[in-house]
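Dropping protein_5.csv in here (CSV, C-alpha atoms):
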```
chain,number,residue,atom,x,y,z
A,153,MET,CA,-1.0,29.7,106.9
A,154,PRO,CA,-4.2,27.7,106.8
A,155,GLU,CA,-4.9,25.3,109.6
A,156,GLU,CA,-7.4,22.5,110.1
A,157,VAL,CA,-10.7,24.2,110.8
A,158,GLY,CA,-13.1,21.6,112.1
A,159,SER,CA,-16.0,23.3,110.3
A,160,GLY,CA,-18.3,20.2,110.3
A,161,ASP,CA,-18.0,20.1,106.5
A,162,GLU,CA,-15.9,17.1,105.8
A,163,GLY,CA,-15.0,18.2,102.3
A,164,LEU,CA,-14.1,21.7,103.3
A,165,ASP,CA,-11.9,20.5,106.1
A,166,ALA,CA,-10.1,18.0,103.9
A,167,VAL,CA,-9.4,20.6,101.3
A,168,VAL,CA,-8.0,23.1,103.9
A,169,THR,CA,-5.9,20.4,105.4
A,170,ALA,CA,-4.4,19.4,102.0
A,171,PHE,CA,-3.5,23.1,101.3
A,172,ALA,CA,-2.0,23.4,104.8
A,173,LYS,CA,0.3,20.5,104.2
A,174,THR,CA,1.6,22.0,100.9
A,175,ARG,CA,5.1,23.3,100.9
A,176,ASP,CA,5.8,27.0,100.4
A,177,LEU,CA,2.1,27.5,99.9
A,178,GLU,CA,1.9,31.3,100.3
A,179,ALA,CA,4.9,32.1,98.2
A,180,ARG,CA,3.7,29.8,95.4
A,181,LEU,CA,0.2,31.3,95.4
A,182,ALA,CA,1.6,34.8,95.3
A,183,GLY,CA,3.8,33.8,92.4
A,184,VAL,CA,0.7,32.5,90.4
A,185,PHE,CA,-1.1,35.8,90.7
A,186,ARG,CA,2.1,37.8,89.8
A,187,GLN,CA,2.7,35.5,86.8
A,188,THR,CA,-0.9,35.8,85.6
A,189,PHE,CA,-1.0,39.6,85.7
A,190,ASP,CA,2.3,39.7,83.8
A,191,GLN,CA,1.2,37.0,81.3
A,192,LEU,CA,-1.9,39.0,80.4
A,193,TYR,CA,-0.2,42.3,80.2
A,194,ASP,CA,2.4,40.8,77.9
A,195,GLY,CA,4.5,44.0,78.5
A,196,GLN,CA,7.5,42.9,76.5
A,197,HIS,CA,5.3,43.0,73.3
A,198,THR,CA,2.6,45.6,74.3
A,199,GLY,CA,4.2,48.0,76.8
A,200,ARG,CA,1.2,47.4,79.1
A,201,TYR,CA,1.5,47.2,82.9
A,202,ALA,CA,-1.9,48.0,84.4
A,203,TRP,CA,-5.3,46.3,84.7
A,204,ASP,CA,-7.2,49.2,83.1
A,205,GLN,CA,-5.1,48.9,80.0
A,206,LEU,CA,-6.5,45.4,79.2
A,207,TYR,CA,-9.4,44.8,76.9
A,208,LYS,CA,-12.7,43.6,78.5
A,209,THR,CA,-12.3,40.2,76.9
A,210,GLU,CA,-8.8,39.9,78.4
A,211,LYS,CA,-10.1,40.8,81.9
A,212,THR,CA,-12.7,38.1,81.5
A,213,HIS,CA,-9.9,35.6,80.5
A,214,PHE,CA,-7.9,36.4,83.7
A,215,GLY,CA,-9.9,33.9,85.8
A,216,THR,CA,-9.2,31.1,83.2
A,217,LEU,CA,-5.5,31.8,83.3
A,218,VAL,CA,-5.5,31.8,87.1
A,219,GLU,CA,-7.2,28.4,87.1
A,220,ILE,CA,-4.7,27.0,84.6
A,221,ASN,CA,-1.6,28.5,86.3
A,222,LEU,CA,-2.7,27.2,89.7
A,223,ARG,CA,-3.1,23.7,88.2
A,224,ARG,CA,0.4,23.9,86.7
A,225,GLN,CA,2.0,25.2,89.9
A,226,PHE,CA,0.4,22.8,92.3
A,227,THR,CA,0.7,19.4,90.5
A,228,ASP,CA,1.6,18.1,94.0
A,229,LEU,CA,-1.8,19.2,95.3
A,230,ILE,CA,-4.4,19.7,92.6
A,231,GLN,CA,-5.8,17.0,90.3
A,232,ASP,CA,-8.4,17.3,87.6
A,233,GLY,CA,-11.9,17.3,89.1
A,234,VAL,CA,-14.6,14.8,88.2
A,235,LYS,CA,-17.5,17.4,88.0
A,236,LEU,CA,-15.6,20.6,88.8
A,237,ASP,CA,-12.3,22.3,87.9
A,238,TYR,CA,-10.1,20.6,90.5
A,239,GLN,CA,-9.9,17.8,93.0
A,240,VAL,CA,-8.0,18.6,96.2
A,241,GLY,CA,-7.8,16.2,99.2
A,242,GLY,CA,-10.1,13.8,97.4
A,243,TYR,CA,-12.9,16.4,97.0
A,244,ASP,CA,-14.1,18.3,93.9
A,245,ILE,CA,-13.8,22.1,94.1
A,246,ASP,CA,-14.4,24.8,91.6
A,247,CYS,CA,-12.0,27.7,91.1
A,248,LYS,CA,-13.5,31.2,90.8
A,249,TYR,CA,-11.7,34.5,90.4
A,250,SER,CA,-13.0,38.1,90.8
A,251,PHE,CA,-11.0,41.3,90.5
A,252,ARG,CA,-13.5,42.8,93.0
A,253,MET,CA,-13.5,41.1,96.4
A,254,GLY,CA,-16.9,39.5,96.8
A,255,GLY,CA,-17.8,39.7,93.1
A,256,TRP,CA,-17.6,36.0,92.2
A,257,MET,CA,-20.3,34.9,89.8
A,258,LEU,CA,-21.5,31.3,90.3
A,259,PRO,CA,-23.2,29.2,87.7
A,260,PRO,CA,-25.8,26.6,88.7
A,261,GLU,CA,-23.3,23.7,88.5
A,262,CYS,CA,-21.5,25.3,91.5
A,263,PHE,CA,-24.6,25.4,93.7
A,264,GLY,CA,-24.0,23.3,96.8
A,265,GLU,CA,-20.3,22.7,95.8
A,266,LEU,CA,-17.0,23.7,97.3
A,267,LEU,CA,-15.5,26.8,95.8
A,268,LEU,CA,-11.9,28.0,95.8
A,269,LEU,CA,-12.4,31.8,95.7
A,270,CYS,CA,-9.5,34.0,94.4
A,271,SER,CA,-9.0,37.7,94.2
A,272,ALA,CA,-5.9,39.9,93.5
A,273,ASP,CA,-5.2,43.6,93.3
A,274,ASP,CA,-2.1,44.5,91.4
A,275,ALA,CA,-2.2,48.2,92.4
A,276,ASN,CA,-2.0,47.3,96.0
A,277,SER,CA,0.2,44.2,95.5
A,278,GLU,CA,-2.1,41.9,97.5
A,279,TRP,CA,-4.2,38.8,96.9
A,280,ALA,CA,-6.6,36.5,98.7
A,281,VAL,CA,-7.6,32.8,98.5
A,282,GLY,CA,-10.5,31.3,100.5
A,283,ILE,CA,-12.9,28.3,100.5
A,284,VAL,CA,-16.6,28.2,101.0
A,285,ARG,CA,-19.4,25.7,100.1
A,286,ALA,CA,-22.1,27.4,98.0
A,287,LEU,CA,-25.0,26.4,100.2
A,288,PRO,CA,-28.4,27.6,99.1
A,289,SER,CA,-28.6,29.8,102.2
A,290,TYR,CA,-25.3,31.5,101.1
A,291,LEU,CA,-26.5,32.5,97.7
A,292,ARG,CA,-28.3,35.7,96.5
A,293,GLY,CA,-32.0,35.2,95.6
A,294,GLY,CA,-31.8,36.5,92.0
A,295,VAL,CA,-29.9,35.2,89.0
A,296,ASN,CA,-28.8,36.8,85.8
A,297,ARG,CA,-29.9,35.7,82.4
A,298,ASP,CA,-27.2,33.0,82.4
A,299,GLY,CA,-28.5,31.6,85.6
A,300,LYS,CA,-25.5,32.9,87.6
A,301,THR,CA,-25.7,34.4,91.1
A,302,GLY,CA,-23.3,35.4,93.8
A,303,LEU,CA,-22.8,35.0,97.5
A,304,ASN,CA,-25.0,36.9,99.9
A,305,GLU,CA,-23.8,38.5,103.1
A,306,ASP,CA,-24.0,35.3,105.0
A,307,GLY,CA,-22.0,33.5,102.3
A,308,ARG,CA,-19.3,36.1,102.2
A,309,HIS,CA,-19.0,36.0,106.0
A,310,SER,CA,-18.7,32.2,105.8
A,311,ILE,CA,-15.6,32.1,103.6
A,312,TYR,CA,-12.7,30.3,105.2
A,313,TRP,CA,-9.8,32.6,104.3
A,314,MET,CA,-6.5,30.7,103.9
A,315,PHE,CA,-4.9,34.0,103.0
A,316,ARG,CA,-6.3,37.5,102.8
A,317,GLY,CA,-4.4,40.7,102.1
A,318,SER,CA,-1.2,38.7,101.4
A,319,PRO,CA,1.6,40.4,99.6
A,320,MET,CA,2.6,39.8,96.0
A,321,ALA,CA,5.7,40.9,94.2
A,322,PRO,CA,5.2,44.6,93.5
A,323,ASN,CA,4.5,46.1,90.0
A,324,VAL,CA,7.0,49.0,90.2
A,325,LEU,CA,5.5,50.6,87.1
A,326,LEU,CA,2.2,51.1,88.9
A,327,GLN,CA,4.0,52.5,92.0
A,328,LEU,CA,5.7,55.3,90.0
A,329,ASP,CA,3.8,58.6,89.8
A,330,PRO,CA,2.7,59.7,86.4
A,331,GLU,CA,5.6,62.1,85.8
A,332,GLU,CA,8.1,59.4,86.7
A,333,ARG,CA,6.4,56.9,84.4
A,334,GLN,CA,6.4,59.4,81.6
A,335,ARG,CA,10.1,60.0,82.1
A,336,VAL,CA,10.8,56.3,82.0
A,337,PHE,CA,8.8,55.6,78.8
A,338,SER,CA,10.0,58.7,77.0
A,339,GLY,CA,13.4,57.2,76.1
A,340,ARG,CA,13.9,56.6,72.4
A,341,SER,CA,15.7,53.3,72.8
A,342,GLY,CA,15.1,50.3,75.0
A,343,GLN,CA,18.4,50.9,76.7
A,344,GLN,CA,17.6,54.5,77.5
A,345,ARG,CA,14.2,53.5,79.0
A,346,VAL,CA,15.8,50.7,81.1
A,347,ASN,CA,18.5,53.1,82.4
A,348,GLU,CA,15.8,55.7,83.3
A,349,LEU,CA,13.8,53.0,85.1
A,350,PHE,CA,16.7,52.1,87.4
A,351,ARG,CA,17.7,55.8,87.8
A,352,THR,CA,14.1,56.8,88.7
A,353,ALA,CA,12.9,53.8,90.8
A,354,THR,CA,15.7,53.6,93.2
A,355,LEU,CA,15.3,51.6,96.5
A,356,ARG,CA,12.3,49.6,95.0
A,357,ARG,CA,12.1,46.0,93.9
A,358,ILE,CA,12.1,45.9,90.1
A,359,GLY,CA,10.9,42.7,88.5
A,360,ARG,CA,12.1,41.2,85.3
A,361,ASN,CA,8.7,41.8,83.7
A,362,ALA,CA,9.0,45.5,84.4
A,363,VAL,CA,12.4,45.5,82.6
A,364,ALA,CA,10.8,43.7,79.7
A,365,THR,CA,7.9,46.1,79.5
A,366,VAL,CA,10.2,49.1,79.5
A,367,ALA,CA,12.7,47.6,77.0
A,368,GLN,CA,10.2,46.0,74.7
A,369,GLN,CA,13.0,43.9,73.2
A,370,ASP,CA,13.8,40.2,73.1
A,371,ASP,CA,17.2,40.7,74.8
A,372,TYR,CA,15.8,42.8,77.6
A,373,MET,CA,18.0,41.3,80.3
A,374,LYS,CA,21.1,42.4,78.4
A,375,ARG,CA,19.9,46.0,79.1
A,376,VAL,CA,20.5,45.5,82.8
A,377,ARG,CA,23.9,43.8,82.9
A,378,ALA,CA,27.3,45.4,83.0
A,379,ASN,CA,29.3,45.7,79.7
A,380,GLY,CA,26.9,48.1,78.1
A,381,GLY,CA,23.8,47.7,80.2
A,382,ALA,CA,22.3,49.8,83.0
A,383,ARG,CA,24.9,48.6,85.5
A,384,SER,CA,27.7,50.1,83.5
A,385,ALA,CA,25.7,53.1,82.3
A,386,LEU,CA,24.6,54.2,85.7
A,387,ALA,CA,27.8,53.4,87.7
A,388,PRO,CA,29.3,56.9,87.0
A,389,GLU,CA,26.1,58.3,88.6
A,390,GLY,CA,26.8,56.3,91.8
A,391,ILE,CA,24.1,53.8,91.1
A,392,LEU,CA,24.5,50.1,92.1
A,393,ILE,CA,22.1,47.4,90.8
A,394,PRO,CA,22.2,44.2,92.9
A,395,GLY,CA,20.0,41.4,91.6
A,396,GLY,CA,18.0,38.8,93.5
A,397,ASP,CA,19.2,35.7,91.6
A,398,TYR,CA,22.4,35.5,93.5
A,399,ALA,CA,23.1,35.3,97.2
A,400,VAL,CA,26.1,37.6,97.2
A,401,HIS,CA,23.9,40.4,95.7
A,402,GLN,CA,21.2,39.8,98.3
A,403,GLU,CA,23.8,40.1,101.0
A,404,ILE,CA,24.9,43.5,99.6
A,405,ALA,CA,21.2,44.7,99.9
A,406,ARG,CA,21.0,43.4,103.5
A,407,GLY,CA,24.3,45.1,104.3
A,408,LEU,CA,22.9,48.4,102.9
A,409,ASN,CA,19.6,47.9,104.8
A,410,ILE,CA,17.5,48.2,101.6
A,411,ASP,CA,14.8,46.0,100.3
A,412,VAL,CA,16.3,42.6,99.3
A,413,PRO,CA,15.6,41.7,95.7
A,414,GLN,CA,14.1,38.3,95.3
A,415,PRO,CA,14.9,35.9,92.4
A,416,GLY,CA,13.9,37.6,89.2
A,417,GLU,CA,14.2,41.1,90.7
A,418,PHE,CA,16.6,44.0,91.1
A,419,VAL,CA,17.0,47.0,93.4
A,420,SER,CA,18.9,50.1,92.3
A,421,VAL,CA,20.6,52.2,95.0
A,422,ARG,CA,22.8,55.3,94.9
A,423,VAL,CA,25.8,54.8,97.1
A,424,ALA,CA,28.5,56.9,98.7
A,425,PRO,CA,31.7,56.2,100.5
A,426,ALA,CA,31.2,55.1,104.1
A,427,THR,CA,33.2,54.5,107.3
A,428,ASP,CA,32.9,51.7,109.8
A,429,ALA,CA,31.1,54.2,112.1
A,430,ASP,CA,28.1,54.2,109.7
A,431,PRO,CA,25.3,51.9,110.9
A,432,TYR,CA,24.9,50.1,107.6
A,433,PHE,CA,27.6,49.6,105.0
A,434,VAL,CA,29.2,47.0,102.7
A,435,GLU,CA,32.8,46.5,101.4
A,436,LEU,CA,33.1,46.5,97.6
A,437,ASP,CA,36.3,46.9,95.6
A,438,GLY,CA,38.3,47.3,98.9
A,439,SER,CA,36.3,50.3,100.1
A,440,LEU,CA,33.2,50.8,102.3
A,441,TRP,CA,29.9,52.0,100.9
A,442,ARG,CA,26.6,53.1,102.3
A,443,VAL,CA,23.3,54.4,100.8
A,444,SER,CA,23.8,57.9,99.5
A,445,GLU,CA,22.1,60.8,101.4
A,446,PRO,CA,20.9,64.2,100.0
A,447,GLY,CA,23.9,66.5,99.7
A,448,ASP,CA,26.5,63.7,99.3
A,449,PRO,CA,28.9,64.4,96.4
A,450,LEU,CA,28.4,62.1,93.4
A,451,VAL,CA,31.0,59.3,93.4
A,452,PRO,CA,31.1,56.5,90.8
A,453,ALA,CA,29.7,53.3,92.2
A,454,PRO,CA,32.0,50.3,92.7
A,455,GLY,CA,31.7,47.1,90.7
A,456,LEU,CA,29.5,44.3,91.9
A,457,PRO,CA,31.4,41.1,93.0
A,458,LYS,CA,31.4,38.1,90.8
A,459,VAL,CA,28.3,36.1,91.5
A,460,GLY,CA,28.4,32.9,93.5
A,461,GLU,CA,25.5,30.8,94.8
A,462,HIS,CA,22.4,31.0,92.7
A,463,VAL,CA,19.2,31.7,94.6
A,464,GLY,CA,15.9,29.9,93.8
```
Can you dump the structure from the file as structure tokens?
Amino acid sequence: MPEEVGSGDEGLDAVVTAFAKTRDLEARLAGVFRQTFDQLYDGQHTGRYAWDQLYKTEKTHFGTLVEINLRRQFTDLIQDGVKLDYQVGGYDIDCKYSFRMGGWMLPPECFGELLLLCSADDANSEWAVGIVRALPSYLRGGVNRDGKTGLNEDGRHSIYWMFRGSPMAPNVLLQLDPEERQRVFSGRSGQQRVNELFRTATLRRIGRNAVATVAQQDDYMKRVRANGGARSALAPEGILIPGGDYAVHQEIARGLNIDVPQPGEFVSVRVAPATDADPYFVELDGSLWRVSEPGDPLVPAPGLPKVGEHVG
């Protein structure tokens, strides 16, 4: 969490202080980067899920989308700038994004100004946001044909990092190995592909956009639910699919000691009958259940309880 820095730069200190006072800052920033990747992939309509599947023009557009999505997310913090993209804490600041850490390209109108520097890496599920003033001594000597330049070593070392290496909701399709991905995408129907995703990617957080990318259908969430979706199709294989939108499902994940799905996510898990001597278990349908281990006989999974409190 950023703190007041006392840098001697009144504007930089004011911007950092404004960010530091913003509620749920880290989670909201992480959500912006996840949203922007998913927005650009548009997996529901394209089947894409990775940065290298994007066209060059789309990659260039990513920074513009980050700028727009930050403004929409932080209406309580960010106003329109007078000269630059934003005004935060009463000071203008320009938003710059680079997929490569340190690769921000700065036009002449940024020179001497405050910069909000952003970077995100979907493959490693991490992102960074920092602030620096683009002082002349922090800029590289040469410029490109558009008059743009970047930060030199002193400039990069002078960035005040509010967050660096912070986690973002994982892209499960990137985490699968090529054979697993091929198996998931080889299904002929959207339902078959969604079933295989939950069968293959057990014990991993699976976001709604991953489901949409695999299903490539308007009613993709129907492919997860019981009554014909993955929950009912995979129950005979012992697979349970709690979702993060409901507190009771999150409690099941905690009881099983698996990753807890967050709102908009699921975690599939193969379960087996348990006893109260097991270290982690939950009670469902009047019986005790634990995470299945290799060698356990296949037992159909119990039903999930009716949902209660909505999360998020």
(request) Could you tell me which of A:Arg200, A:Gln369, A:Arg186, A:Met257 comes closest to Gly416 of chain A if we count all atoms listed in the file? (result) A:Arg186
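Among the candidates A:Thr174, A:Val336, A:Asp165, A:Ile220, the residue lying nearest to Thr188 of chain A is A:Ile220 (atoms considered: only C-alpha atoms).
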Spatial neighbours of segment 279-296 of chain A, max dist 7 Å, all atoms listed in the file, sep filter under 2 positions, as a short mmCIF file (atom, residue, chain, number, x, y, z; two decimals) with C-alpha atoms, in the coordinates of the input:
```
data_model
loop_
_atom_site.label_atom_id
_atom_site.label_comp_id
_atom_site.auth_asym_id
_atom_site.auth_seq_id
_atom_site.Cartn_x
_atom_site.Cartn_y
_atom_site.Cartn_z
CA CYS A 262 -21.50 25.30 91.50
CA PHE A 263 -24.60 25.40 93.70
CA GLY A 264 -24.00 23.30 96.80
CA GLU A 265 -20.30 22.70 95.80
CA LEU A 266 -17.00 23.70 97.30
CA LEU A 267 -15.50 26.80 95.80
CA LEU A 268 -11.90 28.00 95.80
CA LEU A 269 -12.40 31.80 95.70
CA CYS A 270 -9.50 34.00 94.40
CA SER A 271 -9.00 37.70 94.20
CA ALA A 272 -5.90 39.90 93.50
CA ASP A 273 -5.20 43.60 93.30
CA ASP A 298 -27.20 33.00 82.40
CA GLY A 299 -28.50 31.60 85.60
CA LYS A 300 -25.50 32.90 87.60
CA THR A 301 -25.70 34.40 91.10
CA GLY A 302 -23.30 35.40 93.80
CA LEU A 303 -22.80 35.00 97.50
CA ASN A 304 -25.00 36.90 99.90
CA ASP A 306 -24.00 35.30 105.00
CA GLY A 307 -22.00 33.50 102.30
CA SER A 310 -18.70 32.20 105.80
CA ILE A 311 -15.60 32.10 103.60
CA TYR A 312 -12.70 30.30 105.20
CA TRP A 313 -9.80 32.60 104.30
CA MET A 314 -6.50 30.70 103.90
CA PHE A 315 -4.90 34.00 103.00
CA ARG A 316 -6.30 37.50 102.80
CA GLY A 317 -4.40 40.70 102.10
CA SER A 318 -1.20 38.70 101.40
CA PRO A 319 1.60 40.40 99.60
CA MET A 320 2.60 39.80 96.00
#
```
(request) Just the residues within 12 Å of segment 382-385 of chain A, please, counting only C-alpha atoms, with nothing from its chain fewer than 4 positions along; format it as a ChimeraX atom specification. (result) /A:342-351,363,367,372-378,389-395,418-422,452-456
(request) Please work out which residues fall within 10 Å of (-12.9, 36.9, 83.8), coordinates as given in the file, with only C-alpha atoms counting, and return them as an NGL selection string. (result) :A and (208-218 or 248-251 or 256-257)
(message) Counting all atoms listed in the file, I want the residues whose atoms come within 8 Å of (9.6, 56.5, 93.3) in the file frame, returned as a list of chain:residue names.
(response) A:Gln327, A:Leu328, A:Asp329, A:Glu332, A:Thr352, A:Ala353, A:Thr354, A:Arg356
Take the residues from that selection and write them out as a PDB file, in the coordinates of the input, keeping C-alpha atoms.
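For reference, result_36.pdb as written:
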```
ATOM      1  CA  GLN A 327       4.000  52.500  92.000  1.00  0.00           C
ATOM      2  CA  LEU A 328       5.700  55.300  90.000  1.00  0.00           C
ATOM      3  CA  ASP A 329       3.800  58.600  89.800  1.00  0.00           C
ATOM      4  CA  GLU A 332       8.100  59.400  86.700  1.00  0.00           C
ATOM      5  CA  THR A 352      14.100  56.800  88.700  1.00  0.00           C
ATOM      6  CA  ALA A 353      12.900  53.800  90.800  1.00  0.00           C
ATOM      7  CA  THR A 354      15.700  53.600  93.200  1.00  0.00           C
ATOM      8  CA  ARG A 356      12.300  49.600  95.000  1.00  0.00           C
TER       9      ARG A 356
END
```
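Here atom CA of Leu326 of chain A is placed at a distance of 6.3 Å from atom CA of Ala275 of chain A.
Minimum distance to Asp190 of chain A across A:Asp237, A:Val412, A:Ala202, A:Asp161 (counting all atoms listed in the file) occurs at A:Ala202.
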(request) Write out as a PyMOL selection string which residues come within 10 Å of segment 396-408 of chain A when counting only C-alpha atoms, dropping same-chain ones fewer than 6 positions away. (result) chain A and resi 355+357-359+414-421+423+431-436+441-443+456-464
(request) Kindly give the distance, in Å, that separates atom CA of Val451 of chain A and atom CA of Pro425 of chain A, rounded to a single decimal. (result) 7.8 Å
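Ranking A:Ala166, A:Ala182, A:Leu206, A:Val240 by their shortest atom-to-atom distance to Pro322 of chain A, with all atoms listed in the file included, puts A:Ala182 first.
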(request) Using atom CA of Gln225 of chain A and atom CA of Ala172 of chain A as the two end points, give the distance in Å to one decimal. (result) 15.5 Å
